[in-house]
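Since the structure comes first, as structure tokens, the remarks are kept for the end.
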Amino acid sequence: TERELDEIYAFAVQLGKDAGKLLLEAAQSRFNGSGQGAQAFEEKDSAVDIVTKTDEDVEAFIKTSITQKYPSHAFIGEETYSKGASRAYLISPTTPTWCVDPLDGTVNYTHLFPMFCVSIAFLVRGRPTIGVVYAPFLNQLFTACRGRGAWLNETQRLPLVRNPTIPPMPANAPGGCVFSCEWGKDRRDGPEGNMTRKVESFMNMAAEVGSRGGKGGMVHGMRSLGSATMDLAYTAMGAFDIWWEGGCWEWDVAAGIAILQEAGGLITTANPPEDPLTAEIPEVRLGSRLYLAIRSGGG
Ligand code: IPD
């Protein structure tokens, strides 16, 4: 019911705040001058796929809190997921499911680049319904629940950046856009894994989108935040016009999708070479590796 959903939303927001506080404390103690182990991490699937003790501790905290409060709900988290397991089981179409990345932007966290956050999503029938994203170093809390809008720090409705003269893409994409694209973790060579090629094709798409706006392909800038969750939150905010990444997991995007959609943005699965201006925007399906997000016009 709607009342239950409100209760779960309030619980998720408080959980996000508490988990973010843990992240901040852990970051401060890693970098408090002792230097000892400040950058300690372990490698997972590859040398660029890393995990810290903080990821594990914060996920354990979130998982315990959820399973105590909602024992019948399913839980999937980045650090709980066992390597090589089938992805098919991840999102249940029937059981309400929590999908959590305790620390999105682990590389940023390890290098003390402030763009890292906790990301908590609640899925109903497989759809991201509640999203809570908290970046404690930046003091930015993004929250959304289906039908209740998307918010920054609980007071400012998203999108923040409204420009009615720039209509929502892809209807009439102008130049002067800011695009974001992540480099991901796949360093293999070849058509699927070559990140240089991936980013190059995205830049071509960006230039193409820019040129349709009649400004000779001019794009104000390209960014790479190092956190797929923050990319989605910033697209929801209106700071980014488009974000694209190939290589995401469910926990990288689930909360961000809820926030972006409540802010009126669009998200789909698409490859950069496809034409984002004429492409149909089918309902996003978690389980893809590729995502393309487009901000709302906000007008
Ligand atoms: C990663 C970040 C990164 C993205 C990767 C993610 P993690 O998550 O969001 O920006 O490129 O696809 O896996 O490992 O920092 O939680």
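Each chain in the structure tokens gets a letter, A, B, ..., in the order shown, and its residues are numbered from 1; ligands are numbered from 1 in order too.
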- For ligand 1, collect every residue having any atom at a distance of at most 7 Å from a ligand atom (counting only C-alpha atoms and all ligand atoms); output as number ranges by chain. A: 49-50, 101, 103-107, 182-185, 225-229, 247-249, 252
- Item | Exercise: segment 142-154 of chain A partners within 10 Å, only C-alpha atoms, chain neighbours under 2 positions left out, as an MDAnalysis selection string | chainID A and resid 2 5:6 8:10 12:13 16 119:122 127:135 139:140 156:160 230 233:234 236:237 255:264
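With only C-alpha atoms as the atoms that count, the residue of A:Phe41, A:Trp243, A:Trp98, A:Phe11 with the shortest distance to Ser72 of chain A is A:Trp98.
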- Can you tell me, as a list of chain:residue names, what residues are no more than 12 Å from Arg285 of chain A when counting only C-alpha atoms, ignoring any on the same chain fewer than 6 positions away?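 After dropping sequence-adjacent residues, the list is A:Ile91, A:Pro93, A:Arg125, A:Gly126, A:Arg127, A:Pro128, A:Trp249, A:Glu250, A:Val253, A:Ala254, A:Ile257, A:Ile267, A:Thr268, A:Thr269, A:Ala270, A:Tyr291, A:Leu292.
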- Query: Skipping near chain neighbours, those fewer than 4 positions away, what residues fall within 12 Å of segment 58-68 of chain A using only C-alpha atoms, listed as a PyMOL selection string?
  - Reply: chain A and resi 8+11-26+51-54+72-81+96-104+117-122+251
- Task: Would you work out the distance separating atom CA of Leu141 of chain A from atom CA of Val284 of chain A, expressed in Å to one decimal?
- Result: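 Interatomic distance here is 23.8 Å.
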